[in-house]
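This is target.cif (mmCIF, C-alpha atoms and all ligand atoms).
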```cif
data_data
#
loop_
_atom_site.label_atom_id
_atom_site.label_comp_id
_atom_site.auth_asym_id
_atom_site.auth_seq_id
_atom_site.Cartn_x
_atom_site.Cartn_y
_atom_site.Cartn_z
CA MET B 1032 0.00 0.00 0.00
CA LYS B 1033 1.17 3.56 -0.72
CA VAL B 1034 1.45 5.18 2.71
CA ALA B 1035 2.08 8.93 2.90
CA ILE B 1036 3.36 10.34 6.17
CA ILE B 1037 2.35 13.98 6.48
CA GLY B 1038 4.96 15.83 8.51
CA GLY B 1039 7.04 12.67 8.10
CA THR B 1040 10.46 14.28 8.59
CA GLY B 1041 10.24 14.44 12.40
CA ALA B 1042 11.07 11.96 15.12
CA GLN B 1043 7.76 10.09 15.05
CA GLY B 1044 6.94 10.24 11.35
CA LEU B 1045 10.35 9.27 10.03
CA ASN B 1046 10.64 6.30 12.37
CA ILE B 1047 7.15 5.09 11.44
CA ALA B 1048 8.32 5.48 7.83
CA LYS B 1049 11.36 3.26 8.47
CA ARG B 1050 9.35 0.52 10.16
CA LEU B 1051 6.63 0.43 7.50
CA ALA B 1052 9.20 0.56 4.70
CA ILE B 1053 10.97 -2.46 6.20
CA ALA B 1054 7.56 -4.15 6.39
CA GLY B 1055 7.34 -3.81 2.61
CA GLU B 1056 5.01 -0.83 2.28
CA ASP B 1057 5.50 1.84 -0.35
CA ILE B 1058 6.35 4.95 1.71
CA ILE B 1059 6.14 8.66 0.92
CA VAL B 1060 7.72 11.03 3.43
CA GLY B 1061 5.93 14.38 3.38
CA SER B 1062 7.27 17.76 4.47
CA ARG B 1063 6.46 21.43 4.08
CA THR B 1064 9.39 21.48 1.67
CA GLU B 1065 10.21 18.80 -0.86
CA GLU B 1066 13.93 19.44 -0.34
CA LYS B 1067 13.76 18.51 3.36
CA ALA B 1068 11.74 15.38 2.54
CA LEU B 1069 14.33 14.31 -0.03
CA THR B 1070 17.22 14.88 2.38
CA LYS B 1071 15.52 12.81 5.09
CA VAL B 1072 14.71 10.04 2.63
CA ASP B 1073 18.38 9.88 1.57
CA GLU B 1074 19.35 9.47 5.22
CA VAL B 1075 16.80 6.69 5.68
CA LYS B 1076 17.97 4.87 2.55
CA GLU B 1077 21.55 4.95 3.79
CA LEU B 1078 20.55 3.77 7.26
CA LEU B 1079 18.41 0.95 5.86
CA SER B 1080 20.85 -0.08 3.13
CA ASP B 1081 20.62 -3.71 4.32
CA TYR B 1082 16.90 -3.74 3.58
CA GLU B 1083 15.00 -3.51 0.35
CA VAL B 1084 12.86 -0.43 0.90
CA ASN B 1085 10.63 1.64 -1.32
CA ILE B 1086 10.61 5.18 0.04
CA CYS B 1087 10.49 8.64 -1.51
CA GLY B 1088 10.05 12.25 -0.39
CA MET B 1089 7.56 14.91 -1.46
CA ALA B 1090 5.90 18.10 -0.31
CA ASN B 1091 2.98 17.29 2.03
CA GLU B 1092 0.38 18.22 -0.60
CA ASP B 1093 1.88 15.89 -3.22
CA ALA B 1094 2.32 13.16 -0.63
CA ALA B 1095 -1.35 13.43 0.35
CA LYS B 1096 -2.38 13.32 -3.29
CA GLU B 1097 -0.25 10.23 -4.05
CA GLY B 1098 -0.81 8.33 -0.81
CA GLU B 1099 -3.59 5.76 -0.49
CA LEU B 1100 -3.42 5.88 3.29
CA LEU B 1101 -2.18 8.96 5.18
CA ILE B 1102 -0.51 9.26 8.58
CA LEU B 1103 -0.41 12.63 10.33
CA THR B 1104 2.66 13.21 12.52
CA VAL B 1105 2.94 16.92 13.25
CA PRO B 1106 2.93 18.82 16.55
CA LEU B 1107 -0.38 20.28 17.76
CA ALA B 1108 0.62 23.78 16.68
CA ALA B 1109 0.90 22.55 13.09
CA GLN B 1110 -2.20 20.34 13.02
CA LYS B 1111 -4.72 22.76 11.56
CA SER B 1112 -2.50 24.41 8.95
CA THR B 1113 -1.13 21.05 7.81
CA LEU B 1114 -4.59 19.49 7.46
CA ASN B 1115 -5.89 22.54 5.62
CA SER B 1116 -2.99 22.23 3.18
CA ILE B 1117 -3.92 18.63 2.27
CA LYS B 1118 -7.68 18.50 2.68
CA GLU B 1119 -8.49 18.57 -1.01
CA PHE B 1120 -6.66 15.23 -1.37
CA VAL B 1121 -8.11 13.18 1.50
CA ASP B 1122 -11.54 12.13 0.21
CA ASP B 1123 -12.30 8.41 0.64
CA LYS B 1124 -8.88 7.79 2.21
CA ILE B 1125 -7.95 6.64 5.69
CA LEU B 1126 -5.97 9.11 7.77
CA ILE B 1127 -4.20 7.82 10.85
CA ASP B 1128 -3.86 10.58 13.40
CA ALA B 1129 -0.76 9.88 15.50
CA THR B 1130 -0.68 13.31 17.10
CA VAL B 1131 -0.92 14.10 20.79
CA PRO B 1132 -1.79 17.53 22.21
CA LEU B 1133 1.19 18.03 24.49
CA GLU B 1134 1.77 21.17 26.51
CA THR B 1135 4.99 21.72 24.54
CA ALA B 1136 2.74 23.31 21.89
CA ILE B 1137 2.34 26.26 24.26
CA GLY B 1138 5.84 26.23 25.69
CA GLY B 1139 5.06 23.80 28.52
CA SER B 1140 6.05 20.30 29.56
CA PRO B 1141 5.99 17.18 27.32
CA ALA B 1142 4.66 15.33 30.35
CA ARG B 1143 1.44 17.38 30.35
CA PHE B 1144 -1.63 17.22 28.16
CA VAL B 1145 -3.47 20.17 26.65
CA ASP B 1146 -7.25 19.79 26.86
CA LEU B 1147 -8.87 20.49 23.51
CA MET B 1148 -12.43 21.66 22.94
CA GLU B 1149 -12.97 18.71 20.57
CA GLY B 1150 -11.88 16.20 23.25
CA SER B 1151 -8.81 14.83 21.47
CA ALA B 1152 -6.42 15.69 18.67
CA ALA B 1153 -7.97 12.92 16.54
CA GLU B 1154 -11.45 14.39 16.95
CA ARG B 1155 -10.03 17.81 16.14
CA THR B 1156 -8.60 16.32 12.95
CA ALA B 1157 -12.01 14.85 12.09
CA LYS B 1158 -13.61 18.25 12.71
CA ILE B 1159 -11.09 20.11 10.54
CA LEU B 1160 -11.72 17.57 7.74
CA LYS B 1161 -15.48 17.28 8.29
CA LYS B 1162 -16.39 18.43 4.79
CA THR B 1163 -14.42 15.54 3.31
CA SER B 1164 -15.12 11.80 3.27
CA VAL B 1165 -11.85 10.89 5.00
CA LYS B 1166 -11.95 8.19 7.67
CA VAL B 1167 -9.94 9.26 10.69
CA VAL B 1168 -8.37 6.56 12.86
CA SER B 1169 -6.32 7.33 15.95
CA ALA B 1170 -3.23 5.15 16.40
CA PHE B 1171 0.51 5.15 17.22
CA ASN B 1172 -0.01 7.74 19.99
CA ASN B 1173 1.58 5.70 22.77
CA ILE B 1174 4.52 4.23 20.85
CA SER B 1175 7.64 6.34 21.31
CA ASN B 1176 9.92 7.30 18.47
CA SER B 1177 12.75 5.59 20.41
CA HIS B 1178 10.94 2.25 20.19
CA LEU B 1179 10.28 2.78 16.48
CA GLU B 1180 13.89 3.82 15.85
CA ASN B 1181 15.31 0.77 17.64
CA ILE B 1182 15.55 -1.30 14.45
CA PRO B 1183 15.49 -4.31 14.14
CA GLU B 1184 14.33 -4.89 17.73
CA PRO B 1185 10.65 -5.83 18.10
CA ILE B 1186 8.50 -3.22 19.81
CA ASP B 1187 7.17 -4.44 23.13
CA CYS B 1188 4.00 -2.32 23.02
CA ASP B 1189 0.32 -2.46 22.24
CA CYS B 1190 -1.05 0.08 19.82
CA LEU B 1191 -4.45 1.40 20.91
CA VAL B 1192 -6.64 2.11 17.89
CA SER B 1193 -9.84 4.20 17.87
CA GLY B 1194 -12.13 5.18 15.04
CA ASP B 1195 -15.73 5.34 13.89
CA ASP B 1196 -15.27 3.21 10.75
CA ASN B 1197 -14.70 -0.48 11.48
CA ASP B 1198 -13.34 -1.33 8.03
CA ALA B 1199 -10.83 1.53 8.24
CA LYS B 1200 -9.69 0.35 11.68
CA LYS B 1201 -9.19 -3.15 10.29
CA VAL B 1202 -6.95 -1.85 7.50
CA VAL B 1203 -4.97 0.25 10.00
CA MET B 1204 -4.52 -2.61 12.47
CA GLU B 1205 -3.33 -4.99 9.76
CA LEU B 1206 -0.84 -2.38 8.59
CA ILE B 1207 0.56 -1.56 12.03
CA GLU B 1208 0.84 -5.20 13.08
CA LYS B 1209 3.39 -5.67 10.29
CA ILE B 1210 5.80 -3.96 12.70
CA PRO B 1211 7.42 -6.74 14.77
CA GLY B 1212 6.15 -6.96 18.34
CA VAL B 1213 3.28 -4.50 18.02
CA ARG B 1214 -0.21 -5.74 18.85
CA CYS B 1215 -3.15 -3.53 17.95
CA ILE B 1216 -6.21 -3.24 20.13
CA ASP B 1217 -9.48 -1.86 18.82
CA CYS B 1218 -10.57 0.52 21.58
CA GLY B 1219 -13.85 1.55 19.94
CA LYS B 1220 -15.10 4.87 18.55
CA LEU B 1221 -12.85 7.81 17.76
CA GLU B 1222 -13.84 9.50 21.03
CA LYS B 1223 -11.78 6.87 22.86
CA ALA B 1224 -8.76 8.82 21.61
CA ARG B 1225 -9.53 11.26 24.46
CA MET B 1226 -8.22 8.67 26.90
CA VAL B 1227 -5.59 7.08 24.69
CA GLU B 1228 -3.84 10.36 23.87
CA LYS B 1229 -3.63 11.20 27.58
CA ILE B 1230 -1.50 8.10 28.20
CA THR B 1231 1.34 9.56 26.12
CA PRO B 1232 2.35 12.42 28.46
CA LEU B 1233 2.09 9.90 31.31
CA LEU B 1234 4.59 7.62 29.55
CA ILE B 1235 6.85 10.58 28.73
CA GLY B 1236 6.80 11.57 32.41
CA LEU B 1237 7.69 8.01 33.43
CA ASN B 1238 10.55 7.94 30.92
CA ILE B 1239 11.89 11.18 32.41
CA LYS B 1240 11.46 9.99 36.01
CA TYR B 1241 13.08 6.59 35.42
CA LYS B 1242 15.63 7.75 32.80
CA SER B 1243 14.34 5.51 30.01
CA HIS B 1244 13.22 5.95 26.41
CA TYR B 1245 11.17 2.79 26.21
CA GLY B 1246 8.18 3.28 28.46
CA GLY B 1247 5.26 1.58 26.71
CA LEU B 1248 1.93 -0.06 27.23
CA ARG B 1249 0.56 -3.63 27.21
CA ILE B 1250 -3.06 -4.46 28.01
CA THR B 1251 -3.40 -7.82 29.76
CA GLY B 1252 -6.17 -10.09 30.91
CA ILE B 1253 -8.54 -9.86 27.94
CA PRO B 1254 -8.44 -13.34 26.33
CA GLN B 1255 -10.25 -12.22 23.15
CA ILE B 1256 -7.34 -9.94 22.24
CA GLU B 1257 -4.47 -12.13 23.38
CA LYS B 1258 -2.44 -13.32 20.39
N1 LIG X 1 8.09 11.72 19.21
C1 LIG X 1 7.42 10.73 19.80
O1 LIG X 1 7.98 9.83 20.42
C2 LIG X 1 5.91 10.69 19.68
C3 LIG X 1 5.21 9.59 20.18
C4 LIG X 1 3.82 9.54 20.04
C5 LIG X 1 3.16 10.58 19.44
N2 LIG X 1 3.86 11.66 18.97
C6 LIG X 1 3.13 12.75 18.33
O2 LIG X 1 3.46 12.75 16.96
C7 LIG X 1 3.49 14.10 16.49
C8 LIG X 1 4.85 14.37 15.87
O3 LIG X 1 5.84 14.24 16.87
P1 LIG X 1 7.37 14.51 16.50
O4 LIG X 1 8.13 14.28 17.73
O5 LIG X 1 7.73 13.76 15.27
O6 LIG X 1 7.30 16.08 16.16
P2 LIG X 1 8.37 17.04 15.46
O7 LIG X 1 9.59 16.26 15.14
O8 LIG X 1 8.49 18.24 16.32
O9 LIG X 1 7.61 17.50 14.14
C9 LIG X 1 7.27 16.62 13.09
C10 LIG X 1 7.26 17.38 11.79
O10 LIG X 1 6.19 18.32 11.78
C11 LIG X 1 6.54 19.44 10.97
N3 LIG X 1 6.36 20.67 11.75
C12 LIG X 1 6.95 21.00 12.92
N4 LIG X 1 6.53 22.23 13.33
C13 LIG X 1 5.68 22.67 12.39
C14 LIG X 1 4.92 23.86 12.24
N5 LIG X 1 4.95 24.82 13.17
N6 LIG X 1 4.12 23.98 11.15
C15 LIG X 1 4.07 23.00 10.22
N7 LIG X 1 4.79 21.84 10.30
C16 LIG X 1 5.57 21.69 11.38
C17 LIG X 1 8.01 19.30 10.61
O11 LIG X 1 8.11 18.84 9.28
P3 LIG X 1 8.64 19.76 8.06
O12 LIG X 1 9.55 20.83 8.65
O13 LIG X 1 9.40 18.78 7.25
O14 LIG X 1 7.45 20.29 7.41
C18 LIG X 1 8.51 18.24 11.58
O15 LIG X 1 9.57 17.48 11.08
C19 LIG X 1 3.18 15.00 17.68
O16 LIG X 1 1.83 15.35 17.70
C20 LIG X 1 3.53 14.12 18.86
O17 LIG X 1 2.80 14.46 20.03
C21 LIG X 1 5.22 11.73 19.06
#
```
What does the file become when written as structure tokens?
Ligand SMILES: NC(=O)c1ccc[n+]([C@@H]2O[C@H](COP(=O)([O-])OP(=O)(O)OC[C@H]3O[C@@H](n4cnc5c(N)ncnc54)[C@H](OP(=O)(O)O)[C@@H]3O)[C@@H](O)[C@H]2O)c1
Amino acid sequence: MKVAIIGGTGAQGLNIAKRLAIAGEDIIVGSRTEEKALTKVDEVKELLSDYEVNICGMANEDAAKEGELLILTVPLAAQKSTLNSIKEFVDDKILIDATVPLETAIGGSPARFVDLMEGSAAERTAKILKKTSVKVVSAFNNISNSHLENIPEPIDCDCLVSGDDNDAKKVVMELIEKIPGVRCIDCGKLEKARMVEKITPLLIGLNIKYKSHYGGLRITGIPQIEK
């Protein structure tokens, strides 16, 4: 599948790009500038020279146009402008919102959450794109870029997935579970992202407190989702 990562040059987006490229997906790294996307893609190709990967770089708008499935990985401050720049290309596509409204967006702590009127960043994304037929799915929020970057180690984390469209969630979960170690859990409707996103600053705070980069989450005790 052609997966376009919007704002894919940063810590989260580029490491998702690496993992999905290794998994055999066709990856487009998006950026505000094509030049930056191309530079980052060159770095990734060099780093992953032992793997056969299909990855290219484009401006966000072109990436959104070309991508069959989109992943949004920008900070809160960039969410609205980035989505507005791509909204004419999102109809009928799935957009994974991996963003978390951290207090860093207003000069605060990464271990604190910013409450949004819409309830969650994912619901804010859905609201910004409400005139389109995009299907927004919230995922990747609790998996740190350090875990993603730690190639080829498997990621010892669950990925909590929320969204209003069951078929879209299925596609997303199948995609993400191609990353070794990750187990996806369908948490229900998109509004569940309100709780899921709040776990991220908790994990960041734990990483700071215990001097780690690998704080993560596993849900236990639910036989139906044990694999
Ligand atoms: N880092 C993590 O471990 C982690 C984990 C879970 C969730 N998340 C969430 O994932 C999202 C991305 O995190 P990140 O750490 O990758 O962020 P980041 O590195 O700060 O930013 C990602 C990309 O967003 C674009 N961007 C940054 N500021 C912008 C602005 N003011 N306007 C427009 N575009 C801007 C940049 O791309 P260009 O300059 O190329 O356009 C940048 O490379 C955040 O919402 C974060 O909360 C991160």
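Considering all atoms listed in the file, the residue among B:Leu1078, B:Val1213, B:Cys1087, B:Ala1129 positioned nearest to ligand LIG 1 (chain X) is B:Ala1129.
Distance annotation: of B:Ala1224, B:Leu1237, B:Ile1036, B:Leu1206, the residue with the minimal separation from B:Ile1102 is B:Ile1036; atom set is all atoms listed in the file.
Reported to one decimal place, the separation of atom CA of B:Glu1097 from atom CA of B:Ala1152 is 24.2 Å.
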Q. Excluding same-chain residues fewer than 6 positions from B:Glu1149, what lies within 10 Å of it counting all atoms listed in the file, as number ranges by chain?
A. B: 1155-1158, 1222, 1225
(Q) Just want the 12 Å neighbourhood of B:Asp1123, counted on all atoms listed in the file, with same-chain residues fewer than 6 positions away dropped. Output as number ranges by chain. (A) B: 1096, 1098-1101, 1160, 1162-1167, 1196, 1199
Q) Counting only C-alpha atoms and all ligand atoms, what residues are within 9 Å of ligand LIG 1 (chain X), given as a PyMOL selection string? A) chain B and resi 1037-1046+1060-1068+1071+1090-1091+1103-1113+1128-1133+1135+1141+1152+1170-1179+1228+1231-1232+1235+1244
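Using only C-alpha atoms, the smallest distance between any of B:Val1121, B:Ala1035, B:Ile1137, B:Cys1215 and B:Ile1086 comes from B:Ala1035.
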Adding 3 Å on each side of the box along x, y and z that holds all listed atoms of stretch 1194-1209 of chain B, could you give its centre and edge lengths in Å to one decimal, as JSON?
```
{"center_x": -6.2, "center_y": -0.2, "center_z": 11.3, "size_x": 25.1, "size_y": 17.0, "size_z": 13.5}
```
Q: Using only C-alpha atoms, pick whichever of B:Ser1080, B:Thr1251, B:Ser1193, B:Asn1085 has the shortest atom-to-atom distance to B:Glu1154.
A: B:Ser1193
Because some atoms of stretch 1128-1139 of chain B are absent here, can you restore all heavy atoms and send them as a short mmCIF file (atom, residue, chain, number, x, y, z; two decimals), keeping the file's coordinate frame?
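Final output, saved to selection39.cif:
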```
data_model
loop_
_atom_site.label_atom_id
_atom_site.label_comp_id
_atom_site.auth_asym_id
_atom_site.auth_seq_id
_atom_site.Cartn_x
_atom_site.Cartn_y
_atom_site.Cartn_z
N ASP B 1128 -4.33 9.44 12.62
CA ASP B 1128 -3.86 10.58 13.40
C ASP B 1128 -2.99 10.05 14.53
O ASP B 1128 -3.49 9.36 15.43
CB ASP B 1128 -5.06 11.37 13.96
CG ASP B 1128 -4.62 12.67 14.61
OD1 ASP B 1128 -3.61 12.63 15.34
OD2 ASP B 1128 -5.25 13.71 14.39
N ALA B 1129 -1.69 10.36 14.47
CA ALA B 1129 -0.76 9.88 15.50
C ALA B 1129 -0.41 11.01 16.47
O ALA B 1129 0.49 10.87 17.29
CB ALA B 1129 0.50 9.34 14.83
N THR B 1130 -1.10 12.12 16.35
CA THR B 1130 -0.68 13.31 17.10
C THR B 1130 -1.22 13.28 18.54
O THR B 1130 -2.22 12.64 18.84
CB THR B 1130 -1.15 14.61 16.42
OG1 THR B 1130 -2.56 14.74 16.54
CG2 THR B 1130 -0.78 14.62 14.95
N VAL B 1131 -0.53 14.00 19.38
CA VAL B 1131 -0.92 14.10 20.79
C VAL B 1131 -0.82 15.58 21.18
O VAL B 1131 0.20 16.21 20.91
CB VAL B 1131 0.02 13.26 21.69
CG1 VAL B 1131 -0.38 13.41 23.15
CG2 VAL B 1131 -0.01 11.79 21.29
N PRO B 1132 -1.87 16.13 21.81
CA PRO B 1132 -1.79 17.53 22.21
C PRO B 1132 -0.99 17.72 23.50
O PRO B 1132 -1.53 17.71 24.60
CB PRO B 1132 -3.27 17.93 22.40
CG PRO B 1132 -4.01 16.68 22.59
CD PRO B 1132 -3.19 15.54 22.10
N LEU B 1133 0.31 17.87 23.33
CA LEU B 1133 1.19 18.03 24.49
C LEU B 1133 1.33 19.52 24.83
O LEU B 1133 1.22 20.38 23.95
CB LEU B 1133 2.57 17.44 24.19
CG LEU B 1133 2.61 15.94 23.89
CD1 LEU B 1133 4.04 15.51 23.54
CD2 LEU B 1133 2.09 15.13 25.07
N GLU B 1134 1.64 19.78 26.07
CA GLU B 1134 1.77 21.17 26.51
C GLU B 1134 2.95 21.88 25.85
O GLU B 1134 3.04 23.11 25.86
CB GLU B 1134 1.93 21.17 28.04
CG GLU B 1134 1.36 22.39 28.72
CD GLU B 1134 1.69 22.42 30.19
OE1 GLU B 1134 2.89 22.56 30.55
OE2 GLU B 1134 0.76 22.31 30.99
N THR B 1135 3.86 21.11 25.25
CA THR B 1135 4.99 21.72 24.54
C THR B 1135 4.50 22.69 23.45
O THR B 1135 5.21 23.62 23.09
CB THR B 1135 5.87 20.64 23.87
OG1 THR B 1135 5.01 19.67 23.28
CG2 THR B 1135 6.78 19.95 24.85
N ALA B 1136 3.29 22.44 22.94
CA ALA B 1136 2.74 23.31 21.89
C ALA B 1136 2.57 24.74 22.38
O ALA B 1136 2.53 25.68 21.58
CB ALA B 1136 1.38 22.76 21.43
N ILE B 1137 2.48 24.91 23.71
CA ILE B 1137 2.34 26.26 24.26
C ILE B 1137 3.50 26.58 25.21
O ILE B 1137 3.36 27.30 26.19
CB ILE B 1137 0.97 26.47 24.95
CG1 ILE B 1137 0.67 25.33 25.94
CG2 ILE B 1137 -0.16 26.59 23.93
CD1 ILE B 1137 -0.54 25.58 26.84
N GLY B 1138 4.63 25.94 24.92
CA GLY B 1138 5.84 26.23 25.69
C GLY B 1138 5.90 25.54 27.04
O GLY B 1138 6.69 25.92 27.90
N GLY B 1139 5.08 24.49 27.22
CA GLY B 1139 5.06 23.80 28.52
C GLY B 1139 5.80 22.48 28.49
O GLY B 1139 6.71 22.27 27.69
#
```
